[in-house]
Amino acid sequence: MIDFSLTDEQRLLEQTIREWGARDVAPYIRENDRNHHFDRERILGGMAKLGLLGISVPQEYGGAGMDY
């Protein structure tokens, strides 16, 4: 049987992303949606600071080397 439970590292990453989303993204969603605006710097910039944009890229190519 396949074990689908998350590792400690995956749980920590999930919690970090949830906290970032609640703090830095969620408060602005309604206004951005109303204005048909994608806040590229807030979302992609925040993801970049967390290292999420290269999360599945192998480490030898500058990514985090994590799985999907």
# chains A, B, ... in the order shown; residues from 1 in each chain; ligands from 1
>>> residues_around(residues="A:Leu52", least_positions_apart="4", cutoff="9 Å", atoms="only C-alpha atoms", output="ChimeraX atom specification")
/A:46-48,56,63-64
>>> write_last_selection(atoms="all heavy atoms", output="PDB file, in the first residue's frame")
ATOM      1  N   GLY A  46       6.760  37.124  -3.458  1.00  0.00           N
ATOM      2  CA  GLY A  46       6.690  36.387  -2.191  1.00  0.00           C
ATOM      3  C   GLY A  46       7.053  34.924  -2.358  1.00  0.00           C
ATOM      4  O   GLY A  46       7.765  34.343  -1.536  1.00  0.00           O
ATOM      5  N   MET A  47       6.554  34.335  -3.452  1.00  0.00           N
ATOM      6  CA  MET A  47       6.899  32.936  -3.729  1.00  0.00           C
ATOM      7  C   MET A  47       8.395  32.782  -3.973  1.00  0.00           C
ATOM      8  O   MET A  47       9.001  31.812  -3.519  1.00  0.00           O
ATOM      9  CB  MET A  47       6.098  32.429  -4.929  1.00  0.00           C
ATOM     10  CG  MET A  47       4.626  32.270  -4.650  1.00  0.00           C
ATOM     11  SD  MET A  47       3.685  31.826  -6.130  1.00  0.00           S
ATOM     12  CE  MET A  47       4.307  30.167  -6.418  1.00  0.00           C
ATOM     13  N   ALA A  48       8.986  33.746  -4.671  1.00  0.00           N
ATOM     14  CA  ALA A  48      10.428  33.693  -4.932  1.00  0.00           C
ATOM     15  C   ALA A  48      11.218  33.785  -3.625  1.00  0.00           C
ATOM     16  O   ALA A  48      12.186  33.042  -3.429  1.00  0.00           O
ATOM     17  CB  ALA A  48      10.830  34.821  -5.879  1.00  0.00           C
ATOM     18  N   SER A  56      10.719  22.268  -7.502  1.00  0.00           N
ATOM     19  CA  SER A  56      10.922  20.921  -8.042  1.00  0.00           C
ATOM     20  C   SER A  56      12.117  20.850  -9.001  1.00  0.00           C
ATOM     21  O   SER A  56      12.385  19.801  -9.579  1.00  0.00           O
ATOM     22  CB  SER A  56       9.657  20.449  -8.751  1.00  0.00           C
ATOM     23  OG  SER A  56       9.366  21.302  -9.848  1.00  0.00           O
ATOM     24  N   GLY A  63      17.672  24.847  -8.043  1.00  0.00           N
ATOM     25  CA  GLY A  63      16.366  24.683  -7.418  1.00  0.00           C
ATOM     26  C   GLY A  63      16.455  24.088  -6.028  1.00  0.00           C
ATOM     27  O   GLY A  63      17.545  23.865  -5.497  1.00  0.00           O
ATOM     28  N   ALA A  64      15.293  23.803  -5.470  1.00  0.00           N
ATOM     29  CA  ALA A  64      15.240  23.228  -4.123  1.00  0.00           C
ATOM     30  C   ALA A  64      15.360  21.713  -4.134  1.00  0.00           C
ATOM     31  O   ALA A  64      15.648  21.097  -3.111  1.00  0.00           O
ATOM     32  CB  ALA A  64      13.942  23.629  -3.434  1.00  0.00           C
TER      33      ALA A  64
END
>>> residues_around(residues="stretch 19-29 of chain A", least_positions_apart="2", cutoff="10 Å", atoms="only C-alpha atoms", output="list in words")
Leu13, Glu14, Gln15, Thr16, Ile17, Glu31, Asn32, Asp33, Arg34, Asn35, His37, Phe38, Asp39, Arg42, Ile43, Gly46, Met47 and Leu50 of chain A
>>> write_last_selection(atoms="all heavy atoms", output="compact mmCIF listing (two decimals), in the first residue's frame")
# COMPACT_ATOMS: atom_id res chain seq x y z
N LEU A 13 6.84 22.97 5.25
CA LEU A 13 6.68 23.79 4.06
C LEU A 13 5.22 24.19 3.88
O LEU A 13 4.91 25.36 3.60
CB LEU A 13 7.18 23.05 2.82
CG LEU A 13 7.02 23.78 1.49
CD1 LEU A 13 7.84 25.07 1.49
CD2 LEU A 13 7.43 22.88 0.34
N GLU A 14 4.31 23.25 4.06
CA GLU A 14 2.87 23.54 3.94
C GLU A 14 2.46 24.62 4.94
O GLU A 14 1.76 25.57 4.59
CB GLU A 14 2.06 22.27 4.17
CG GLU A 14 0.57 22.51 4.10
CD GLU A 14 -0.24 21.28 4.47
OE1 GLU A 14 0.23 20.47 5.31
OE2 GLU A 14 -1.35 21.13 3.93
N GLN A 15 2.89 24.50 6.17
CA GLN A 15 2.56 25.48 7.20
C GLN A 15 3.13 26.86 6.87
O GLN A 15 2.46 27.88 7.03
CB GLN A 15 3.05 25.02 8.57
CG GLN A 15 2.67 25.94 9.71
CD GLN A 15 1.17 26.05 9.88
OE1 GLN A 15 0.43 25.09 9.68
NE2 GLN A 15 0.69 27.22 10.23
N THR A 16 4.36 26.89 6.39
CA THR A 16 5.00 28.15 6.01
C THR A 16 4.22 28.84 4.90
O THR A 16 3.98 30.05 4.94
CB THR A 16 6.45 27.89 5.56
OG1 THR A 16 7.17 27.29 6.64
CG2 THR A 16 7.14 29.17 5.13
N ILE A 17 3.80 28.07 3.89
CA ILE A 17 3.05 28.64 2.78
C ILE A 17 1.68 29.11 3.23
O ILE A 17 1.21 30.17 2.82
CB ILE A 17 2.95 27.62 1.63
CG1 ILE A 17 4.34 27.35 1.07
CG2 ILE A 17 2.01 28.12 0.54
CD1 ILE A 17 4.42 26.17 0.13
N GLU A 31 -9.80 43.07 -3.08
CA GLU A 31 -9.52 44.31 -3.81
C GLU A 31 -8.91 44.01 -5.18
O GLU A 31 -9.31 44.60 -6.19
CB GLU A 31 -8.56 45.19 -3.01
CG GLU A 31 -8.20 46.48 -3.70
CD GLU A 31 -7.22 47.31 -2.91
OE1 GLU A 31 -7.02 47.05 -1.70
OE2 GLU A 31 -6.63 48.21 -3.52
N ASN A 32 -7.96 43.10 -5.22
CA ASN A 32 -7.34 42.74 -6.50
C ASN A 32 -8.35 42.10 -7.44
O ASN A 32 -8.33 42.37 -8.64
CB ASN A 32 -6.15 41.81 -6.29
CG ASN A 32 -4.96 42.53 -5.70
OD1 ASN A 32 -4.83 43.74 -5.82
ND2 ASN A 32 -4.09 41.78 -5.04
N ASP A 33 -9.21 41.27 -6.92
CA ASP A 33 -10.24 40.63 -7.74
C ASP A 33 -11.21 41.67 -8.29
O ASP A 33 -11.55 41.66 -9.47
CB ASP A 33 -10.98 39.58 -6.92
CG ASP A 33 -11.87 38.70 -7.78
OD1 ASP A 33 -11.43 38.31 -8.88
OD2 ASP A 33 -13.00 38.41 -7.35
N ARG A 34 -11.63 42.58 -7.44
CA ARG A 34 -12.55 43.65 -7.87
C ARG A 34 -11.93 44.50 -8.97
O ARG A 34 -12.62 44.93 -9.89
CB ARG A 34 -12.88 44.54 -6.67
CG ARG A 34 -14.34 44.63 -6.34
CD ARG A 34 -14.62 45.65 -5.25
NE ARG A 34 -13.69 45.65 -4.14
CZ ARG A 34 -13.87 45.00 -3.00
NH1 ARG A 34 -14.95 44.29 -2.82
NH2 ARG A 34 -12.98 45.09 -2.03
N ASN A 35 -10.64 44.76 -8.87
CA ASN A 35 -9.94 45.59 -9.85
C ASN A 35 -9.35 44.80 -11.02
O ASN A 35 -8.64 45.37 -11.85
CB ASN A 35 -8.82 46.37 -9.16
CG ASN A 35 -9.35 47.35 -8.15
OD1 ASN A 35 -10.41 47.92 -8.34
ND2 ASN A 35 -8.63 47.52 -7.05
N HIS A 37 -6.93 42.73 -11.03
CA HIS A 37 -5.48 42.97 -10.94
C HIS A 37 -4.78 41.75 -10.36
O HIS A 37 -5.20 41.18 -9.37
CB HIS A 37 -5.24 44.18 -10.02
CG HIS A 37 -3.79 44.43 -9.73
ND1 HIS A 37 -2.91 44.90 -10.68
CD2 HIS A 37 -3.08 44.28 -8.59
CE1 HIS A 37 -1.71 45.02 -10.13
NE2 HIS A 37 -1.79 44.65 -8.87
N PHE A 38 -3.70 41.36 -11.03
CA PHE A 38 -2.84 40.31 -10.50
C PHE A 38 -1.61 40.99 -9.93
O PHE A 38 -0.82 41.58 -10.67
CB PHE A 38 -2.43 39.31 -11.59
CG PHE A 38 -1.49 38.25 -11.10
CD1 PHE A 38 -1.91 37.27 -10.23
CD2 PHE A 38 -0.16 38.26 -11.50
CE1 PHE A 38 -1.04 36.30 -9.77
CE2 PHE A 38 0.73 37.30 -11.05
CZ PHE A 38 0.28 36.31 -10.19
N ASP A 39 -1.45 40.92 -8.63
CA ASP A 39 -0.34 41.59 -7.95
C ASP A 39 0.91 40.72 -8.07
O ASP A 39 1.27 39.96 -7.18
CB ASP A 39 -0.70 41.83 -6.49
CG ASP A 39 0.25 42.79 -5.80
OD1 ASP A 39 1.36 43.02 -6.33
OD2 ASP A 39 -0.13 43.31 -4.74
N ARG A 42 3.66 40.99 -5.27
CA ARG A 42 3.25 40.42 -3.98
C ARG A 42 3.23 38.89 -4.05
O ARG A 42 3.73 38.21 -3.15
CB ARG A 42 1.88 40.94 -3.55
CG ARG A 42 1.42 40.38 -2.22
CD ARG A 42 0.09 40.94 -1.78
NE ARG A 42 0.06 42.39 -1.78
CZ ARG A 42 0.59 43.16 -0.83
NH1 ARG A 42 1.19 42.63 0.20
NH2 ARG A 42 0.51 44.47 -0.91
N ILE A 43 2.65 38.34 -5.11
CA ILE A 43 2.49 36.89 -5.19
C ILE A 43 3.77 36.21 -5.68
O ILE A 43 4.34 35.38 -4.98
CB ILE A 43 1.28 36.53 -6.05
CG1 ILE A 43 0.01 37.05 -5.37
CG2 ILE A 43 1.20 35.02 -6.27
CD1 ILE A 43 -1.25 36.92 -6.17
N GLY A 46 6.76 37.12 -3.46
CA GLY A 46 6.69 36.39 -2.19
C GLY A 46 7.05 34.92 -2.36
O GLY A 46 7.76 34.34 -1.54
N MET A 47 6.55 34.34 -3.45
CA MET A 47 6.90 32.94 -3.73
C MET A 47 8.39 32.78 -3.97
O MET A 47 9.00 31.81 -3.52
CB MET A 47 6.10 32.43 -4.93
CG MET A 47 4.63 32.27 -4.65
SD MET A 47 3.69 31.83 -6.13
CE MET A 47 4.31 30.17 -6.42
N LEU A 50 10.33 32.81 -0.77
CA LEU A 50 10.19 31.53 -0.06
C LEU A 50 10.88 30.38 -0.78
O LEU A 50 10.95 29.27 -0.27
CB LEU A 50 8.70 31.19 0.13
CG LEU A 50 7.93 32.06 1.11
CD1 LEU A 50 6.45 31.72 1.06
CD2 LEU A 50 8.46 31.86 2.53
>>> select_by_dssp(residues="chain A", states="helix (DSSP H, G or I)", output="ChimeraX atom specification")
/A:8-34,40-50,59-61
>>> atom_distance(atom1="atom CA of A:Leu6", atom2="atom CA of A:Asp67")
11.4 Å
